[in-house]
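Just input09.cif here, mmCIF, C-alpha atoms:
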data_final
loop_
_atom_site.group_PDB
_atom_site.id
_atom_site.type_symbol
_atom_site.label_atom_id
_atom_site.label_comp_id
_atom_site.auth_asym_id
_atom_site.auth_seq_id
_atom_site.Cartn_x
_atom_site.Cartn_y
_atom_site.Cartn_z
ATOM 1 C CA MET W 1 78.253 94.147 112.609
ATOM 2 C CA ILE W 2 80.657 91.638 111.180
ATOM 3 C CA SER W 3 83.964 90.196 112.317
ATOM 4 C CA ASN W 4 87.223 90.460 110.413
ATOM 5 C CA GLU W 5 87.303 86.673 110.141
ATOM 6 C CA ALA W 6 83.893 86.629 108.443
ATOM 7 C CA ILE W 7 85.007 89.294 105.959
ATOM 8 C CA GLU W 8 88.197 87.378 105.258
ATOM 9 C CA SER W 9 86.396 84.084 104.695
ATOM 10 C CA CYS W 10 84.008 85.747 102.223
ATOM 11 C CA LEU W 11 86.968 87.198 100.344
ATOM 12 C CA ARG W 12 88.912 83.931 100.395
ATOM 13 C CA ALA W 13 85.885 82.070 98.996
ATOM 14 C CA THR W 14 86.371 84.101 95.804
ATOM 15 C CA MET W 15 90.125 84.802 96.081
ATOM 16 C CA PRO W 16 91.782 81.877 97.891
ATOM 17 C CA ASP W 17 95.211 83.560 97.928
ATOM 18 C CA ALA W 18 93.914 86.881 99.274
ATOM 19 C CA VAL W 19 96.024 88.698 101.851
ATOM 20 C CA VAL W 20 93.513 90.919 103.658
ATOM 21 C CA SER W 21 93.945 93.870 106.043
ATOM 22 C CA ILE W 22 90.835 95.330 107.618
ATOM 23 C CA THR W 23 90.368 98.536 109.624
ATOM 24 C CA ASP W 24 87.140 99.312 111.461
ATOM 25 C CA ARG W 25 86.789 103.002 110.529
ATOM 26 C CA THR W 26 84.150 103.988 113.075
ATOM 27 C CA GLY W 27 84.271 101.368 115.820
ATOM 28 C CA THR W 28 80.780 100.195 114.887
ATOM 29 C CA ARG W 29 81.998 97.086 113.014
ATOM 30 C CA ASP W 30 80.143 98.110 109.836
ATOM 31 C CA HIS W 31 82.297 100.856 108.262
ATOM 32 C CA PHE W 32 85.557 99.373 107.032
ATOM 33 C CA SER W 33 88.739 100.105 105.129
ATOM 34 C CA ILE W 34 89.640 96.851 103.420
ATOM 35 C CA ARG W 35 92.881 96.211 101.576
ATOM 36 C CA VAL W 36 93.085 93.033 99.485
ATOM 37 C CA VAL W 37 96.164 91.637 97.750
ATOM 38 C CA SER W 38 95.487 88.822 95.295
ATOM 39 C CA VAL W 39 96.594 87.536 91.910
ATOM 40 C CA ALA W 40 92.901 87.658 90.975
ATOM 41 C CA PHE W 41 93.380 91.382 90.279
ATOM 42 C CA GLN W 42 95.991 90.714 87.614
ATOM 43 C CA ASP W 43 95.005 92.395 84.283
ATOM 44 C CA LYS W 44 91.861 93.886 85.895
ATOM 45 C CA ASN W 45 91.216 97.628 85.866
ATOM 46 C CA LEU W 46 90.350 99.489 89.052
ATOM 47 C CA LEU W 47 86.603 99.231 88.565
ATOM 48 C CA ASP W 48 86.694 95.487 87.970
ATOM 49 C CA ARG W 49 88.949 94.931 90.960
ATOM 50 C CA ASN W 50 86.462 96.622 93.258
ATOM 51 C CA ARG W 51 83.596 94.786 91.524
ATOM 52 C CA LEU W 52 85.318 91.519 92.414
ATOM 53 C CA ILE W 53 85.502 92.545 96.068
ATOM 54 C CA TYR W 54 81.867 93.711 96.063
ATOM 55 C CA HIS W 55 80.887 90.380 94.539
ATOM 56 C CA ALA W 56 82.773 88.461 97.227
ATOM 57 C CA LEU W 57 81.115 90.542 99.962
ATOM 58 C CA ARG W 58 77.658 90.737 98.363
ATOM 59 C CA GLU W 59 75.910 88.837 101.194
ATOM 60 C CA PRO W 60 77.122 90.880 104.196
ATOM 61 C CA MET W 61 76.527 94.031 102.115
ATOM 62 C CA ALA W 62 72.995 92.974 101.171
ATOM 63 C CA ASP W 63 71.977 92.112 104.720
ATOM 64 C CA GLY W 64 73.530 95.269 106.112
ATOM 65 C CA ARG W 65 76.271 93.694 108.215
ATOM 66 C CA ILE W 66 78.619 95.817 106.105
ATOM 67 C CA HIS W 67 77.354 99.383 105.691
ATOM 68 C CA ALA W 68 80.275 101.124 103.988
ATOM 69 C CA MET W 69 83.707 100.190 102.711
ATOM 70 C CA GLU W 70 86.787 101.931 101.451
ATOM 71 C CA LEU W 71 88.658 99.515 99.203
ATOM 72 C CA LYS W 72 92.245 99.036 98.059
ATOM 73 C CA ALA W 73 92.974 96.199 95.644
ATOM 74 C CA HIS W 74 96.505 95.264 94.528
ATOM 75 C CA THR W 75 98.268 92.312 92.948
ATOM 76 C CA PRO W 76 101.160 90.818 94.942
ATOM 77 C CA ASP W 77 103.699 92.504 92.624
ATOM 78 C CA GLU W 78 102.061 95.898 93.108
ATOM 79 C CA ALA W 79 101.915 95.397 96.828
ATOM 80 C CA GLY W 80 105.498 94.097 96.867
ATOM 81 C CA VAL W 81 104.259 91.513 99.324
ATOM 82 C CA ALA W 82 104.196 87.708 98.926
ATOM 83 C CA SER W 83 100.549 86.652 99.131
ATOM 84 C CA ASN W 84 100.097 83.445 101.114
ATOM 85 C CA MET T 85 57.116 103.150 76.545
ATOM 86 C CA GLY T 86 60.674 104.107 77.542
ATOM 87 C CA ASN T 87 61.793 103.677 81.115
ATOM 88 C CA PRO T 88 61.292 107.058 82.816
ATOM 89 C CA ILE T 89 64.220 106.469 85.171
ATOM 90 C CA GLU T 90 66.464 105.561 82.251
ATOM 91 C CA ASP T 91 65.444 108.754 80.431
ATOM 92 C CA GLU T 92 65.993 110.814 83.583
ATOM 93 C CA VAL T 93 69.507 109.394 84.050
ATOM 94 C CA LYS T 94 70.330 109.943 80.369
ATOM 95 C CA ARG T 95 69.216 113.558 80.635
ATOM 96 C CA GLU T 96 71.234 114.126 83.803
ATOM 97 C CA LEU T 97 74.346 112.595 82.248
ATOM 98 C CA GLU T 98 73.975 114.831 79.219
ATOM 99 C CA GLN T 99 73.506 117.918 81.379
ATOM 100 C CA HIS T 100 76.526 117.412 83.644
ATOM 101 C CA LYS T 101 80.040 116.480 82.520
ATOM 102 C CA ILE T 102 80.863 115.544 86.113
ATOM 103 C CA LEU T 103 77.915 113.924 87.869
ATOM 104 C CA ILE T 104 77.827 112.319 91.301
ATOM 105 C CA TYR T 105 74.850 110.197 92.309
ATOM 106 C CA GLY T 106 75.033 110.191 96.094
ATOM 107 C CA LYS T 107 73.376 110.535 99.451
ATOM 108 C CA GLY T 108 72.408 114.133 100.150
ATOM 109 C CA THR T 109 73.131 117.217 98.083
ATOM 110 C CA LYS T 110 76.269 119.094 97.092
ATOM 111 C CA ALA T 111 75.603 121.652 99.830
ATOM 112 C CA ALA T 112 74.446 119.054 102.382
ATOM 113 C CA PRO T 113 76.004 115.632 101.770
ATOM 114 C CA ARG T 114 74.534 113.045 104.120
ATOM 115 C CA CYS T 115 77.252 110.438 103.837
ATOM 116 C CA GLY T 116 80.982 110.614 104.347
ATOM 117 C CA PHE T 117 81.787 109.185 100.939
ATOM 118 C CA THR T 118 79.499 111.631 99.126
ATOM 119 C CA LEU T 119 81.212 114.477 101.012
ATOM 120 C CA GLU T 120 84.627 113.013 100.122
ATOM 121 C CA THR T 121 83.633 112.931 96.430
ATOM 122 C CA VAL T 122 82.432 116.549 96.514
ATOM 123 C CA GLN T 123 85.739 117.585 98.084
ATOM 124 C CA PHE T 124 87.625 115.553 95.479
ATOM 125 C CA PHE T 125 86.109 117.453 92.546
ATOM 126 C CA ALA T 126 86.089 120.816 94.321
ATOM 127 C CA LYS T 127 89.894 120.707 94.056
ATOM 128 C CA TYR T 128 89.781 120.685 90.257
ATOM 129 C CA GLY T 129 87.559 123.745 89.940
ATOM 130 C CA GLN T 130 85.429 122.302 87.130
ATOM 131 C CA PRO T 131 81.625 122.463 87.482
ATOM 132 C CA PHE T 132 80.033 119.292 88.885
ATOM 133 C CA GLU T 133 76.633 118.256 90.185
ATOM 134 C CA VAL T 134 75.377 115.932 92.948
ATOM 135 C CA VAL T 135 72.065 114.180 92.423
ATOM 136 C CA ASP T 136 70.580 112.978 95.717
ATOM 137 C CA VAL T 137 69.205 109.443 95.335
ATOM 138 C CA LEU T 138 69.246 108.555 99.025
ATOM 139 C CA GLU T 139 65.462 108.093 99.203
ATOM 140 C CA ASN T 140 64.945 106.983 95.585
ATOM 141 C CA MET T 141 65.335 103.200 95.716
ATOM 142 C CA PRO T 142 64.082 102.470 92.165
ATOM 143 C CA LYS T 143 66.653 104.882 90.730
ATOM 144 C CA ARG T 144 69.389 103.444 92.964
ATOM 145 C CA GLU T 145 68.551 99.934 91.763
ATOM 146 C CA TYR T 146 68.552 101.078 88.146
ATOM 147 C CA LEU T 147 71.953 102.748 88.592
ATOM 148 C CA SER T 148 73.404 99.706 90.383
ATOM 149 C CA LYS T 149 72.295 97.398 87.569
ATOM 150 C CA MET T 150 73.447 99.835 84.889
ATOM 151 C CA THR T 151 76.955 100.110 86.379
ATOM 152 C CA ASN T 152 77.285 96.688 88.047
ATOM 153 C CA TRP T 153 78.337 98.648 91.136
ATOM 154 C CA PRO T 154 76.312 98.195 94.319
ATOM 155 C CA THR T 155 77.248 101.278 96.298
ATOM 156 C CA LEU T 156 76.861 105.050 96.370
ATOM 157 C CA PRO T 157 78.321 107.464 95.461
ATOM 158 C CA LYS T 158 78.556 106.716 91.729
ATOM 159 C CA VAL T 159 80.657 109.083 89.653
ATOM 160 C CA PHE T 160 80.213 109.745 85.937
ATOM 161 C CA ILE T 161 82.631 111.864 83.899
ATOM 162 C CA ASN T 162 81.541 112.753 80.371
ATOM 163 C CA GLY T 163 78.840 110.096 80.629
ATOM 164 C CA GLN T 164 81.368 107.393 81.522
ATOM 165 C CA PHE T 165 81.191 105.556 84.881
ATOM 166 C CA TYR T 166 84.243 105.837 87.168
ATOM 167 C CA GLY T 167 83.117 104.263 90.456
ATOM 168 C CA ASP T 168 83.927 106.415 93.487
ATOM 169 C CA THR T 169 86.912 107.958 95.290
ATOM 170 C CA ASP T 170 88.430 104.501 95.799
ATOM 171 C CA VAL T 171 88.956 104.480 92.031
ATOM 172 C CA LEU T 172 89.475 108.214 91.517
ATOM 173 C CA ASP T 173 92.114 108.538 94.248
ATOM 174 C CA GLU T 174 94.125 105.770 92.594
ATOM 175 C CA MET T 175 93.684 107.415 89.168
ATOM 176 C CA GLU T 176 94.757 110.751 90.666
ATOM 177 C CA ARG T 177 97.858 109.115 92.142
ATOM 178 C CA LYS T 178 98.743 108.030 88.576
ATOM 179 C CA GLY T 179 97.994 111.527 87.182
ATOM 180 C CA GLU T 180 95.022 110.290 85.138
ATOM 181 C CA VAL T 181 92.286 112.619 86.450
ATOM 182 C CA LYS T 182 93.489 116.041 85.239
ATOM 183 C CA PRO T 183 93.839 114.963 81.559
ATOM 184 C CA LEU T 184 90.453 113.260 81.779
ATOM 185 C CA LEU T 185 88.778 116.447 83.013
ATOM 186 C CA ASP T 186 90.686 118.605 80.519
ATOM 187 C CA ALA T 187 89.425 116.386 77.717
ATOM 188 C CA ALA T 188 85.873 116.482 79.070
ATOM 189 C CA PHE T 189 85.869 120.283 79.307
ATOM 190 C CA GLY T 190 87.924 120.810 76.171
ATOM 191 C CA GLY T 191 90.840 122.186 78.256
#
Exercise: express the given structure as structure tokens:
Amino acid sequence: MISNEAIESCLRATMPDAVVSITDRTGTRDHFSIRVVSVAFQDKNLLDRNRLIYHALREPMADGRIHAMELKAHTPDEAGVASN
Amino acid sequence: MGNPIEDEVKRELEQHKILIYGKGTKAAPRCGFTLETVQFFAKYGQPFEVVDVLENMPKREYLSKMTNWPTLPKVFINGQFYGDTDVLDEMERKGEVKPLLDAAFGG
């Protein structure tokens, strides 16, 4: 079990500009769809983008607070959204 | 003395052009993402294999270190690592999967 705020703060620790949207896929607060928009993904291929997210969330993944994640990683241009 | 797990993985990668390391088997996936990956490749009609590593922690750790990717399933095409359906769905959206499989199977 983990809160959206905790996920966001982990992501922001690695990607300060990250715009994050989180969906709890099963209602058990441990299976998530997470979409991250950040300039950190610029010039990174798909694998490395997800690796960056896994790295940012390594603690809650290791201790089981996060069990499974579906990830989407875009730069602000790709997302057509201004990241804050 | 070579690493038996490393040799096993090498052999499996050589045997299967599309290989999914996952939880459960092709016929009985035991995790939603493994099932999703099986369904993904079933669409393309090329032969693929699922190797169940759910209970095999040493092999899971070896694969995670080898790929710098902490989760299952792990997909390999022609011996090359491609992550999971998060990556493959995006590649499919850009039309990159079909040519990759055609090249792997000499289409």
Picked residues, the PyMOL selection byres ((chain W and resi 40) around 12), as a PyMOL selection string: chain W and resi 11-12+14-19+36-39+41-45+48-53+56+73-77+83
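Between atom CA of Gly167 of chain T and atom CA of Leu46 of chain W the interatomic distance comes to 8.8 Å.
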Starting from chain W, keep only residues with some atom at most 8 Å from an atom of chain T, counting all atoms listed in the file, and report them as a PDB file with C-alpha atoms, keeping the file's coordinate frame.
ATOM      1  CA  LEU W  46      90.350  99.489  89.052  1.00  0.00           C
ATOM      2  CA  LEU W  47      86.603  99.231  88.565  1.00  0.00           C
ATOM      3  CA  ARG W  51      83.596  94.786  91.524  1.00  0.00           C
ATOM      4  CA  TYR W  54      81.867  93.711  96.063  1.00  0.00           C
ATOM      5  CA  GLU W  70      86.787 101.931 101.451  1.00  0.00           C
ATOM      6  CA  LEU W  71      88.658  99.515  99.203  1.00  0.00           C
ATOM      7  CA  LYS W  72      92.245  99.036  98.059  1.00  0.00           C
TER       8      LYS W  72
END
Q.
Could you tell me, as a PyMOL selection string, exactly which residues end up selected when the PyMOL selection byres ((chain T and resi 185) around 10) is applied to this structure?
A. chain T and resi 101-102+125+128+130+161-162+180-184+186-191
Using the chain letters and numbers from the file, which residues does the PyMOL selection byres ((chain W and resi 67) around 12) grab, as JSON, numbers by chain? {"W": [1, 2, 24, 25, 26, 28, 29, 30, 31, 32, 33, 57, 58, 59, 60, 61, 62, 63, 64, 65, 66, 68, 69, 70], "T": [115, 116, 117, 154, 155, 156]}
Counting only C-alpha atoms, closest pick from T:Lys110, T:Gly179, T:Glu139, T:Glu92 relative to Ala126 of chain T is T:Lys110
Atom CA of Tyr105 of chain T to atom CA of Asp91 of chain T measures 15.2 Å
In terms of all atoms listed in the file, the residue from T:Met141, T:Leu97, T:Ile89, T:Leu103 at minimal distance from Val159 of chain T is T:Leu103
Between atom CA of Arg35 of chain W and atom CA of Ile22 of chain W lies a distance of 6.4 Å
Hey, can you pull every residue with an atom no more than 9 Å from (76.5, 111.8, 99.7), using all atoms listed in the file, and send it as a PyMOL selection string? chain T and resi 104-110+112-122+134-138+156-157
